[in-house]
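Next comes work.txt, a file with compact mmCIF, C-alpha atoms.
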```txt
# COMPACT_ATOMS: atom_id res chain seq x y z
CA MET M 201 23.07 20.94 -43.78
CA SER M 202 21.38 18.22 -41.77
CA LEU M 203 17.84 18.48 -40.45
CA SER M 204 18.99 19.02 -36.89
CA ASN M 205 21.17 21.87 -38.05
CA VAL M 206 18.22 23.46 -39.79
CA PHE M 207 16.25 23.19 -36.57
CA TYR M 208 19.07 24.59 -34.54
CA ASN M 209 19.69 27.55 -36.82
CA THR M 210 16.07 28.52 -37.37
CA ILE M 211 14.65 27.93 -33.89
CA PHE M 212 17.06 27.31 -31.07
CA LYS M 213 19.96 29.56 -31.91
CA ARG M 214 18.33 32.91 -31.10
CA ASN M 215 16.04 33.71 -28.22
CA SER M 216 13.98 35.87 -30.58
CA THR M 217 12.93 32.74 -32.49
CA PHE M 218 13.06 30.27 -29.61
CA VAL M 219 10.58 32.01 -27.29
CA PRO M 220 7.91 32.51 -30.01
CA ALA M 221 8.45 28.89 -31.02
CA VAL M 222 7.72 27.79 -27.44
CA PHE M 223 4.52 29.86 -27.32
CA ALA M 224 3.34 28.73 -30.74
CA GLY M 225 4.20 25.13 -29.90
CA ALA M 226 2.29 25.26 -26.63
CA PHE M 227 -0.75 26.76 -28.37
CA ALA M 228 -0.79 24.21 -31.18
CA TRP M 229 -0.11 21.31 -28.84
CA SER M 230 -2.87 22.19 -26.41
CA ILE M 231 -5.41 22.35 -29.23
CA GLY M 232 -4.24 19.03 -30.62
CA PHE M 233 -4.25 17.45 -27.16
CA GLU M 234 -7.77 18.72 -26.46
CA ILE M 235 -9.00 17.32 -29.77
CA ALA M 236 -7.38 13.95 -29.16
CA VAL M 237 -8.73 13.61 -25.61
CA THR M 238 -12.22 14.72 -26.67
CA LYS M 239 -12.23 12.21 -29.49
CA PHE M 240 -11.25 9.40 -27.16
CA HIS M 241 -13.73 10.52 -24.48
CA ASP M 242 -16.59 10.73 -26.97
CA SER M 243 -15.91 7.34 -28.49
CA TRP M 244 -15.56 5.74 -25.04
CA ASN M 245 -18.95 7.19 -24.03
CA LYS M 246 -20.64 6.70 -27.37
CA GLY M 247 -24.41 7.15 -27.22
CA LYS M 248 -24.51 8.36 -23.62
CA GLN M 249 -23.82 12.08 -23.86
CA TRP M 250 -26.34 14.80 -24.65
CA LYS M 251 -24.77 15.54 -28.02
CA ASP M 252 -25.45 11.92 -29.01
CA ILE M 253 -29.18 12.06 -28.21
CA ARG M 254 -29.92 15.74 -28.83
CA ASP M 255 -31.09 15.16 -32.42
CA LYS M 256 -34.08 13.21 -31.11
CA TYR M 257 -35.42 16.29 -29.32
CA ALA M 258 -34.17 19.37 -31.14
CA THR M 259 -36.70 20.71 -33.59
CA VAL M 260 -35.50 22.27 -36.81
CA GLU M 261 -36.07 26.02 -37.01
CA GLU M 262 -38.70 26.86 -39.58
CA MET E 193 2.97 8.99 28.29
CA PHE E 194 4.82 5.85 29.29
CA ALA E 195 5.97 5.45 25.71
CA ALA E 196 7.39 8.95 25.73
CA ALA E 197 9.26 8.36 28.98
CA LYS E 198 10.61 5.05 27.73
CA ASN E 199 11.76 6.69 24.52
CA ALA E 200 13.57 9.38 26.40
CA GLY E 201 15.30 6.69 28.44
CA ALA E 202 16.35 4.84 25.32
CA LEU E 203 17.68 8.05 23.83
CA ARG E 204 19.74 8.76 26.88
CA ALA E 205 21.24 5.25 26.75
CA ALA E 206 22.01 5.64 23.06
CA SER E 207 23.65 8.98 23.55
CA ARG E 208 25.81 7.59 26.33
CA ALA E 209 27.05 5.00 23.86
CA MET E 210 27.68 7.77 21.35
CA LYS E 211 29.67 9.76 23.86
CA ALA E 212 31.95 6.80 24.33
CA GLY E 213 32.26 6.42 20.57
CA PRO E 214 34.26 9.41 19.41
CA ARG E 215 36.94 8.94 22.04
CA THR E 216 38.25 5.74 20.50
CA THR E 217 38.20 7.17 17.00
CA THR E 218 39.75 10.59 17.60
CA ALA E 219 43.05 9.40 16.21
CA ARG E 220 41.56 8.36 12.89
CA PHE E 221 39.58 11.52 12.28
CA ALA E 222 41.97 14.00 13.79
CA SER E 223 41.10 16.61 11.20
CA SER E 224 37.33 16.48 11.67
CA SER E 225 35.68 18.59 14.31
CA ALA E 226 32.63 16.38 14.80
CA GLY E 227 31.58 15.84 18.39
CA SER E 228 31.40 19.40 19.57
CA SER E 229 28.36 20.22 17.42
CA SER E 230 26.59 16.93 18.08
CA GLY E 231 27.20 17.55 21.78
CA SER E 232 24.78 20.45 21.94
CA PHE E 233 22.15 18.50 19.96
CA GLU E 234 22.64 15.62 22.33
CA SER E 235 22.20 17.72 25.43
CA PHE E 236 19.09 19.23 23.83
CA LEU E 237 17.66 15.74 23.36
CA ASN E 238 18.53 14.83 26.93
CA SER E 239 17.20 17.93 28.57
CA ARG E 240 14.34 17.77 31.03
CA LEU E 241 12.54 20.43 29.04
CA THR E 242 12.48 18.16 25.96
CA LEU E 243 11.23 15.25 28.03
CA ALA E 244 8.55 17.39 29.62
CA SER E 245 7.33 18.88 26.35
CA ALA E 246 7.29 15.50 24.56
CA SER E 247 5.24 14.04 27.41
CA LEU E 248 2.94 17.03 27.36
CA ALA E 249 2.44 16.67 23.59
CA ALA E 250 1.62 12.97 23.95
CA VAL E 251 -0.86 13.50 26.79
CA GLY E 252 -2.35 16.52 25.05
CA THR E 253 -2.90 14.60 21.80
CA VAL E 254 -4.66 11.76 23.60
CA ALA E 255 -6.80 14.21 25.57
CA TRP E 256 -7.72 16.16 22.44
CA TYR E 257 -8.64 12.97 20.57
CA THR E 258 -10.75 11.79 23.50
CA HIS E 259 -12.52 15.11 23.69
CA LEU E 260 -13.15 15.18 19.93
CA TYR E 261 -14.31 11.58 19.38
CA GLY E 262 -15.45 10.60 22.85
CA THR E 263 -13.29 7.48 23.07
CA LEU E 264 -9.64 6.75 23.78
CA PRO E 265 -7.59 6.08 20.65
CA PHE E 266 -6.67 2.45 19.83
CA VAL E 267 -8.95 1.10 22.55
CA GLY E 268 -11.74 -1.17 21.34
CA GLU E 269 -15.33 -0.72 22.41
CA ALA E 270 -18.32 -3.01 22.74
CA HIS E 271 -21.62 -1.80 21.28
CA ALA E 272 -25.01 -3.12 22.19
CA SER E 273 -26.97 -2.49 19.00
CA ALA E 274 -28.67 -4.42 16.26
CA ALA E 275 -27.34 -4.15 12.73
CA SER E 276 -30.82 -3.12 11.59
CA ASP E 277 -30.44 0.17 13.48
CA GLU E 278 -27.78 1.20 11.00
CA GLY E 279 -29.80 0.16 7.97
CA MET E 280 -28.84 -2.62 5.60
CA HIS E 281 -25.82 -1.96 3.40
CA PRO E 282 -27.05 -0.97 -0.05
CA ILE E 283 -26.37 -3.31 -2.92
CA ALA E 284 -23.55 -2.20 -5.24
CA TYR E 285 -25.12 -1.66 -8.65
CA PRO E 286 -23.24 -1.46 -11.99
CA TRP E 287 -24.11 2.17 -12.81
CA SER E 288 -23.23 3.10 -16.35
CA HIS E 289 -21.25 6.06 -14.96
CA ASN E 290 -19.25 4.03 -12.44
CA GLY E 291 -15.98 3.82 -14.37
CA VAL E 292 -13.35 6.54 -14.06
CA LEU E 293 -13.87 7.47 -17.73
CA ASP E 294 -17.66 6.97 -17.90
CA THR E 295 -20.06 9.90 -18.28
CA PHE E 296 -23.68 9.86 -17.19
CA ASP E 297 -26.20 8.25 -19.50
CA HIS E 298 -28.05 11.41 -20.49
CA ALA E 299 -31.09 9.60 -21.87
CA SER E 300 -31.46 8.18 -18.36
CA ILE E 301 -31.10 11.67 -16.82
CA ARG E 302 -33.92 12.85 -19.07
CA ARG E 303 -36.19 9.98 -18.06
CA GLY E 304 -35.18 10.53 -14.43
CA TYR E 305 -36.20 14.17 -14.63
CA GLN E 306 -39.62 13.03 -15.81
CA VAL E 307 -39.92 10.69 -12.81
CA TYR E 308 -38.82 13.46 -10.44
CA ARG E 309 -41.32 15.88 -11.95
CA GLU E 310 -44.27 13.48 -12.04
CA VAL E 311 -43.64 11.64 -8.75
CA CYS E 312 -41.08 13.04 -6.30
CA ALA E 313 -41.79 16.74 -6.94
CA ALA E 314 -45.13 16.34 -5.16
CA CYS E 315 -43.22 16.22 -1.86
CA HIS E 316 -39.52 16.98 -2.48
CA SER E 317 -38.00 20.30 -3.52
CA LEU E 318 -34.94 20.52 -5.75
CA ASN E 319 -33.94 24.05 -4.96
CA ARG E 320 -30.36 24.11 -6.27
CA ILE E 321 -31.33 23.23 -9.81
CA ALA E 322 -32.56 25.93 -12.19
CA TRP E 323 -34.34 25.31 -15.49
CA ARG E 324 -31.27 26.50 -17.34
CA ASN E 325 -29.23 23.68 -15.77
CA LEU E 326 -31.24 21.16 -17.80
CA VAL E 327 -30.26 22.83 -21.07
CA GLY E 328 -27.60 20.84 -22.88
CA VAL E 329 -27.87 18.06 -20.31
CA SER E 330 -31.28 16.50 -20.74
CA HIS E 331 -33.39 19.07 -22.60
CA THR E 332 -33.04 21.62 -25.36
CA ALA E 333 -33.28 25.32 -24.53
CA ASP E 334 -36.75 25.48 -26.12
CA GLU E 335 -38.04 22.55 -24.08
CA ALA E 336 -36.64 23.95 -20.82
CA ARG E 337 -38.11 27.38 -21.55
CA ALA E 338 -41.52 25.86 -22.27
CA MET E 339 -41.44 23.86 -19.03
CA ALA E 340 -40.41 26.95 -17.05
CA GLU E 341 -43.25 28.99 -18.53
CA GLU E 342 -45.83 26.54 -17.21
CA VAL E 343 -44.90 27.59 -13.66
CA GLU E 344 -46.00 30.91 -12.13
CA TYR E 345 -43.33 32.72 -10.13
CA THR E 346 -43.78 35.64 -7.79
CA ASP E 347 -41.55 38.54 -8.76
CA GLY E 348 -41.30 42.18 -7.96
CA PRO E 349 -41.79 44.65 -6.55
CA ASN E 350 -42.95 46.57 -9.64
CA ASP E 351 -42.96 50.38 -9.80
CA GLN E 352 -46.19 50.44 -7.73
CA GLY E 353 -44.30 48.52 -5.03
CA GLU E 354 -46.40 45.41 -5.52
CA MET E 355 -45.35 41.82 -6.06
CA PHE E 356 -46.72 40.21 -9.22
CA GLU E 357 -46.99 36.81 -10.84
CA ARG E 358 -45.16 36.02 -14.05
CA PRO E 359 -44.42 32.88 -16.03
CA GLY E 360 -41.07 31.23 -15.24
CA LYS E 361 -37.93 31.74 -17.25
CA LEU E 362 -34.74 29.73 -17.67
CA ALA E 363 -32.97 31.48 -14.78
CA ASP E 364 -35.67 30.48 -12.25
CA TYR E 365 -35.06 27.63 -9.85
CA MET E 366 -37.26 24.53 -9.61
CA PRO E 367 -40.45 25.42 -7.72
CA PRO E 368 -40.80 23.84 -4.26
CA PRO E 369 -43.93 21.77 -3.53
CA TYR E 370 -44.52 23.49 -0.18
CA PRO E 371 -44.14 27.17 0.73
CA ASN E 372 -42.02 26.31 3.79
CA ASP E 373 -40.65 23.44 5.90
CA GLU E 374 -43.52 23.64 8.38
CA ALA E 375 -46.08 23.14 5.62
CA ALA E 376 -43.97 20.25 4.28
CA ARG E 377 -43.94 18.59 7.70
CA ALA E 378 -47.64 19.15 8.19
CA GLY E 379 -48.34 17.48 4.86
CA ASN E 380 -46.20 14.43 5.63
CA GLY E 381 -47.10 13.32 9.12
CA GLY E 382 -44.46 15.46 10.79
CA ALA E 383 -41.53 14.23 8.66
CA LEU E 384 -39.74 16.71 6.41
CA PRO E 385 -39.10 15.40 2.90
CA PRO E 386 -35.47 16.50 2.38
CA ASP E 387 -34.42 18.64 -0.56
CA LEU E 388 -33.10 16.28 -3.23
CA SER E 389 -30.51 18.58 -4.87
CA LEU E 390 -27.58 17.06 -2.98
CA ILE E 391 -29.18 13.91 -1.62
CA VAL E 392 -26.83 11.55 -3.49
CA LYS E 393 -23.83 13.18 -1.84
CA ALA E 394 -25.60 13.43 1.51
CA ARG E 395 -26.18 9.72 2.08
CA HIS E 396 -23.76 6.86 2.70
CA GLY E 397 -23.94 4.53 -0.26
CA ALA E 398 -24.89 7.43 -2.57
CA SER E 399 -26.70 6.21 -5.71
CA ASP E 400 -26.74 2.62 -4.50
CA TYR E 401 -28.56 3.71 -1.34
CA ILE E 402 -31.17 5.81 -3.15
CA PHE E 403 -31.93 2.98 -5.57
CA SER E 404 -32.06 0.42 -2.76
CA LEU E 405 -34.34 2.67 -0.73
CA LEU E 406 -36.78 3.26 -3.59
CA THR E 407 -37.01 -0.44 -4.48
CA GLY E 408 -36.52 -1.93 -1.02
CA TYR E 409 -39.95 -1.54 0.66
CA ILE E 410 -41.15 -4.76 2.29
CA ASP E 411 -43.59 -5.75 5.02
CA PRO E 412 -42.03 -5.42 8.46
CA PRO E 413 -40.53 -8.75 9.55
CA ALA E 414 -42.22 -10.72 12.32
CA GLY E 415 -41.75 -9.06 15.70
CA VAL E 416 -41.06 -5.59 14.32
CA GLU E 417 -43.71 -3.06 15.23
CA ILE E 418 -43.86 0.23 13.40
CA ARG E 419 -46.01 3.24 14.12
CA GLU E 420 -49.16 4.02 12.18
CA GLY E 421 -48.31 5.92 8.99
CA MET E 422 -44.71 4.68 8.90
CA ASN E 423 -43.33 2.30 6.31
CA TYR E 424 -40.75 -0.43 6.68
CA ASN E 425 -37.58 -0.34 4.60
CA PRO E 426 -34.53 -2.35 5.68
CA PHE E 427 -32.14 0.08 3.93
CA PHE E 428 -33.32 3.07 5.98
CA PRO E 429 -31.41 3.39 9.27
CA GLY E 430 -33.88 2.34 11.95
CA GLY E 431 -36.11 0.59 9.43
CA ALA E 432 -39.19 2.82 9.57
CA LEU E 433 -39.63 6.01 7.56
CA SER E 434 -42.49 8.32 6.69
CA MET E 435 -42.10 8.04 2.93
CA GLY E 436 -44.00 5.08 1.60
CA ARG E 437 -43.23 3.15 -1.54
CA VAL E 438 -43.86 5.61 -4.39
CA LEU E 439 -42.69 3.76 -7.51
CA PHE E 440 -44.91 1.11 -9.06
CA ASP E 441 -44.66 -0.52 -12.50
CA GLY E 442 -46.15 1.65 -15.23
CA LEU E 443 -46.50 4.77 -13.08
CA VAL E 444 -45.09 7.08 -15.74
CA GLU E 445 -45.07 6.80 -19.49
CA TYR E 446 -41.65 7.39 -21.02
CA GLU E 447 -41.59 9.29 -24.29
CA ASP E 448 -38.73 7.16 -25.64
CA GLY E 449 -40.73 3.95 -25.16
CA THR E 450 -38.62 2.51 -22.36
CA PRO E 451 -40.83 0.19 -20.25
CA ALA E 452 -41.49 2.02 -16.98
CA THR E 453 -40.83 -0.76 -14.50
CA THR E 454 -40.21 0.07 -10.84
CA SER E 455 -36.50 -0.60 -11.12
CA GLN E 456 -36.20 1.31 -14.40
CA MET E 457 -37.79 4.38 -12.84
CA ALA E 458 -35.69 4.04 -9.70
CA LYS E 459 -32.54 3.79 -11.81
CA ASP E 460 -33.46 6.79 -13.93
CA VAL E 461 -34.48 9.05 -11.05
CA THR E 462 -31.33 8.09 -9.15
CA THR E 463 -29.17 8.90 -12.16
CA PHE E 464 -30.97 12.23 -12.43
CA LEU E 465 -30.40 12.98 -8.74
CA HIS E 466 -26.76 11.96 -9.05
CA TRP E 467 -26.41 14.44 -11.88
CA ALA E 468 -28.14 17.10 -9.74
CA SER E 469 -25.63 16.48 -6.95
CA GLU E 470 -22.65 16.42 -9.28
CA PRO E 471 -23.37 18.43 -12.43
CA GLU E 472 -19.63 18.74 -13.10
CA HIS E 473 -19.27 14.94 -13.22
CA ASP E 474 -18.72 14.43 -16.98
CA GLU E 475 -16.38 17.38 -17.37
CA ARG E 476 -14.44 16.36 -14.28
CA LYS E 477 -13.75 12.90 -15.67
CA LYS E 478 -12.57 14.39 -18.94
CA TYR E 479 -10.17 16.66 -17.09
CA GLY E 480 -9.03 13.59 -15.19
CA ILE E 481 -7.86 11.97 -18.42
CA LYS E 482 -5.91 15.09 -19.32
CA ALA E 483 -4.40 15.48 -15.87
CA VAL E 484 -3.23 11.86 -15.72
CA ILE E 485 -1.64 12.03 -19.16
CA ILE E 486 0.15 15.32 -18.50
CA LEU E 487 1.27 14.58 -14.95
CA SER E 488 2.56 11.09 -15.76
CA THR E 489 4.50 12.47 -18.73
CA LEU E 490 6.04 15.15 -16.53
CA PHE E 491 6.86 12.50 -13.92
CA CYS E 492 8.70 10.37 -16.48
CA ILE E 493 10.60 13.41 -17.74
CA SER E 494 11.62 14.32 -14.21
CA ILE E 495 12.93 10.79 -13.61
CA TYR E 496 14.89 10.97 -16.84
CA VAL E 497 16.39 14.37 -15.98
CA LYS E 498 17.32 13.22 -12.51
CA ARG E 499 19.21 10.21 -13.86
CA PHE E 500 20.79 12.31 -16.59
CA LYS E 501 22.19 14.72 -14.02
CA TRP E 502 23.26 12.17 -11.45
CA ILE E 503 24.85 9.52 -13.64
CA PRO E 504 28.27 11.18 -13.89
CA ILE E 505 28.31 11.60 -10.11
CA LYS E 506 27.07 8.12 -9.29
CA THR E 507 29.39 6.32 -11.70
CA ARG E 508 32.58 8.25 -10.97
CA LYS E 509 35.50 6.41 -9.50
CA LEU E 510 37.84 7.89 -6.90
CA VAL E 511 41.34 6.53 -7.16
CA TYR E 512 43.75 6.80 -4.32
CA GLU E 513 47.39 6.59 -5.28
CA PRO E 514 49.54 6.01 -2.23
CA PRO E 515 52.68 8.15 -2.05
CA VAL E 516 55.66 6.34 -3.47
CA ASN E 517 58.26 5.64 -0.85
CA LYS E 518 61.24 7.62 -2.15
CA GLY E 519 63.61 7.22 0.73
CA HIS E 520 66.42 4.64 1.28
```

What does this structure look like when you write it as structure tokens?
Amino acid sequence: MSLSNVFYNTIFKRNSTFVPAVFAGAFAWSIGFEIAVTKFHDSWNKGKQWKDIRDKYATVEE
Amino acid sequence: MFAAAKNAGALRAASRAMKAGPRTTTARFASSSAGSSSGSFESFLNSRLTLASASLAAVGTVAWYTHLYGTLPFVGEAHASAASDEGMHPIAYPWSHNGVLDTFDHASIRRGYQVYREVCAACHSLNRIAWRNLVGVSHTADEARAMAEEVEYTDGPNDQGEMFERPGKLADYMPPPYPNDEAARAGNGGALPPDLSLIVKARHGASDYIFSLLTGYIDPPAGVEIREGMNYNPFFPGGALSMGRVLFDGLVEYEDGTPATTSQMAKDVTTFLHWASEPEHDERKKYGIKAVIILSTLFCISIYVKRFKWIPIKTRKLVYEPPVNKGH
């Protein structure tokens, strides 16, 4: 059985597996996308955001 | 109005040509019933009512525009004014948050807050910013709380029905320097120092203008007379304003050791005021990245799907096989 057949039989064949796969895929993808964009955004703006300078001002709780 | 009338004339001429058209081609398209339906559309286009309402719409639009803007559209005007009345165009500065992906420089916002607090707050309120807004932007929660507690706020009424004083908390808004606008005017030679919360959005040239204004004070040029108590600044429309130059080298002492030159302080306070006007700025640009990626992907997919669906239709071939002559 080829890989595409495996995919077809386990996910696409039945609605009962396809719909949950769509939801789970959307959930996982949006988290991954958010992480990727944040990573890019933070490296592009390195040193400028509050989280980059906060350590200079935050005092450690005693 | 003339244009509308001319158009109607042209339409009538064109439709006359169209009327002549079908007659010569009736033989070729005997099976089609075109002509009768376009006839009613044609007579609609030619009707006096259509002409009248198109003319009315054209005249009405011009009248409305004239009423709204005070001049006729597309007609030039001569102005007798000096460019200095409008204020000099501010210089375009390379702000570190100019780019479509660039956030504010938060160390600069923090220094700018210090300049606002130590200099501008003597005259200008900042009434849309609360202490809590600084948290996670330029100060820690502890710092913001400590700064708020230094200010006394009037609260109440208590259960005796009396107002009382209490130290500020994070939810309080920045205290105004004057109790009301009248007091503010009285303290500034009749001119009201505007609230600075939205000043960057409220002025043409935005940050560039604020920076230029703060650093642009000069002596009035020869021949320009300004009233006692006014100050000359070529960036301010009209040239003379009540606020004098307030930033001078070394006026504040930055905690991070940045030399407090006039332009450094002007840059920092402008960045701070830009943040105050647009607190959503950093987040907005991050959403922009996401939106562009997602929407351009969806656009490409839609192009692909469109071609996928249309290709069989666009590449099909219709073959006409003439009937074979079977007779004789």

Given all atoms listed in the file, how would the per-residue table for chain M near chain E read, listing every residue at most 12 Å away with its closest atom pair and distance in Å to one decimal, sorted by chain and number, as a Markdown table?
```
| residue | atom | partner | partner_atom | distance |
| --- | --- | --- | --- | --- |
| M:Trp229 | CA | E:Ile486 | CA | 12.0 |
| M:Ser230 | CA | E:Lys482 | CA | 10.5 |
| M:Phe233 | CA | E:Lys482 | CA | 8.4 |
| M:Glu234 | CA | E:Lys482 | CA | 8.2 |
| M:Ile235 | CA | E:Lys482 | CA | 11.1 |
| M:Ala236 | CA | E:Lys482 | CA | 10.0 |
| M:Val237 | CA | E:Lys482 | CA | 7.1 |
| M:Thr238 | CA | E:Lys478 | CA | 7.7 |
| M:Lys239 | CA | E:Lys478 | CA | 10.8 |
| M:Phe240 | CA | E:Lys478 | CA | 9.7 |
| M:His241 | CA | E:Lys478 | CA | 6.9 |
| M:Asp242 | CA | E:Thr295 | CA | 9.4 |
| M:Ser243 | CA | E:Asp294 | CA | 10.7 |
| M:Trp244 | CA | E:Asp294 | CA | 7.5 |
| M:Asn245 | CA | E:Asp294 | CA | 6.3 |
| M:Lys246 | CA | E:Thr295 | CA | 9.7 |
| M:Gly247 | CA | E:Asp297 | CA | 8.0 |
| M:Lys248 | CA | E:Asp297 | CA | 4.5 |
| M:Gln249 | CA | E:His298 | CA | 5.4 |
| M:Trp250 | CA | E:His298 | CA | 5.6 |
| M:Lys251 | CA | E:Gly328 | CA | 7.9 |
| M:Asp252 | CA | E:His298 | CA | 8.9 |
| M:Ile253 | CA | E:Ala299 | CA | 7.1 |
| M:Arg254 | CA | E:Thr332 | CA | 7.5 |
| M:Asp255 | CA | E:Thr332 | CA | 9.8 |
| M:Lys256 | CA | E:Asp448 | CA | 9.4 |
| M:Tyr257 | CA | E:Thr332 | CA | 7.1 |
| M:Ala258 | CA | E:Thr332 | CA | 6.3 |
| M:Thr259 | CA | E:Asp334 | CA | 8.9 |
| M:Val260 | CA | E:Asp334 | CA | 11.2 |
| M:Glu261 | CA | E:Asp334 | CA | 10.9 |
```

Residues as selected, C-alpha atoms, written as an mmCIF file, keeping the file's coordinate frame, can you do that?
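Written output follows (again26.cif):
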```
data_model
loop_
_atom_site.group_PDB
_atom_site.id
_atom_site.type_symbol
_atom_site.label_atom_id
_atom_site.label_comp_id
_atom_site.auth_asym_id
_atom_site.auth_seq_id
_atom_site.Cartn_x
_atom_site.Cartn_y
_atom_site.Cartn_z
ATOM 1 C CA TRP M 229 -0.110 21.310 -28.840
ATOM 2 C CA SER M 230 -2.870 22.190 -26.410
ATOM 3 C CA PHE M 233 -4.250 17.450 -27.160
ATOM 4 C CA GLU M 234 -7.770 18.720 -26.460
ATOM 5 C CA ILE M 235 -9.000 17.320 -29.770
ATOM 6 C CA ALA M 236 -7.380 13.950 -29.160
ATOM 7 C CA VAL M 237 -8.730 13.610 -25.610
ATOM 8 C CA THR M 238 -12.220 14.720 -26.670
ATOM 9 C CA LYS M 239 -12.230 12.210 -29.490
ATOM 10 C CA PHE M 240 -11.250 9.400 -27.160
ATOM 11 C CA HIS M 241 -13.730 10.520 -24.480
ATOM 12 C CA ASP M 242 -16.590 10.730 -26.970
ATOM 13 C CA SER M 243 -15.910 7.340 -28.490
ATOM 14 C CA TRP M 244 -15.560 5.740 -25.040
ATOM 15 C CA ASN M 245 -18.950 7.190 -24.030
ATOM 16 C CA LYS M 246 -20.640 6.700 -27.370
ATOM 17 C CA GLY M 247 -24.410 7.150 -27.220
ATOM 18 C CA LYS M 248 -24.510 8.360 -23.620
ATOM 19 C CA GLN M 249 -23.820 12.080 -23.860
ATOM 20 C CA TRP M 250 -26.340 14.800 -24.650
ATOM 21 C CA LYS M 251 -24.770 15.540 -28.020
ATOM 22 C CA ASP M 252 -25.450 11.920 -29.010
ATOM 23 C CA ILE M 253 -29.180 12.060 -28.210
ATOM 24 C CA ARG M 254 -29.920 15.740 -28.830
ATOM 25 C CA ASP M 255 -31.090 15.160 -32.420
ATOM 26 C CA LYS M 256 -34.080 13.210 -31.110
ATOM 27 C CA TYR M 257 -35.420 16.290 -29.320
ATOM 28 C CA ALA M 258 -34.170 19.370 -31.140
ATOM 29 C CA THR M 259 -36.700 20.710 -33.590
ATOM 30 C CA VAL M 260 -35.500 22.270 -36.810
ATOM 31 C CA GLU M 261 -36.070 26.020 -37.010
#
```

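The interatomic distance for the pair atom CA of E:Ala272 and atom CA of E:Leu433 works out to 22.6 Å.
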
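Atom CA of E:Tyr305 sits 15.4 Å away from atom CA of E:Gly449.
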
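Between atom CA of E:Ala340 and atom CA of E:Met366 the interatomic distance comes to 8.4 Å.
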
Quiz item: Skipping near chain neighbours, those fewer than 5 positions away, what residues fall within 10 Å of stretch 406-411 of chain E using only C-alpha atoms, listed as a ChimeraX atom specification?
Solution: /E:282,401,416,423-428,431-432,435-440,454-455,457-459,461-462

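For E:Ala394, the set of protein, DNA and RNA residues having any atom at most 10 Å away, when counting only C-alpha atoms and skipping those fewer than 5 positions along the same chain, is E:Leu388, E:Ser389, E:Ser469.
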
Can those selected residues be exported to a file as a PDB file, keeping the file's coordinate frame so that it contains C-alpha atoms?
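Output file result29.pdb follows:
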```pdb
ATOM      1  CA  LEU E 388     -33.100  16.280  -3.230  1.00  0.00           C
ATOM      2  CA  SER E 389     -30.510  18.580  -4.870  1.00  0.00           C
ATOM      3  CA  SER E 469     -25.630  16.480  -6.950  1.00  0.00           C
TER       4      SER E 469
END
```

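Comparing the minimum interatomic distances between E:Cys312 and each of E:Asp347, E:Asp387, E:Asp373, E:Glu354, counting only C-alpha atoms, we find that E:Asp387 sits nearest.
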
Quiz item: In terms of the shortest atom-to-atom distance over all atoms listed in the file, which of E:Asn372, E:Gly382, E:Arg395, E:Thr450 is closest to E:Met422?
Solution: E:Gly382

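The shell of residues at most 6 Å from stretch 321-325 of chain E, with all atoms listed in the file counted and near chain neighbours (fewer than 2 positions) removed, consists of E:Asn319, E:Val327, E:Ala336, E:Leu362, E:Ala363, E:Asp364, E:Tyr365, E:Met366.
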
Let's have the selection written as a short mmCIF file (atom, residue, chain, number, x, y, z; two decimals), in the frame of the given file, with C-alpha atoms.
```cif
data_model
loop_
_atom_site.label_atom_id
_atom_site.label_comp_id
_atom_site.auth_asym_id
_atom_site.auth_seq_id
_atom_site.Cartn_x
_atom_site.Cartn_y
_atom_site.Cartn_z
CA ASN E 319 -33.94 24.05 -4.96
CA VAL E 327 -30.26 22.83 -21.07
CA ALA E 336 -36.64 23.95 -20.82
CA LEU E 362 -34.74 29.73 -17.67
CA ALA E 363 -32.97 31.48 -14.78
CA ASP E 364 -35.67 30.48 -12.25
CA TYR E 365 -35.06 27.63 -9.85
CA MET E 366 -37.26 24.53 -9.61
#
```
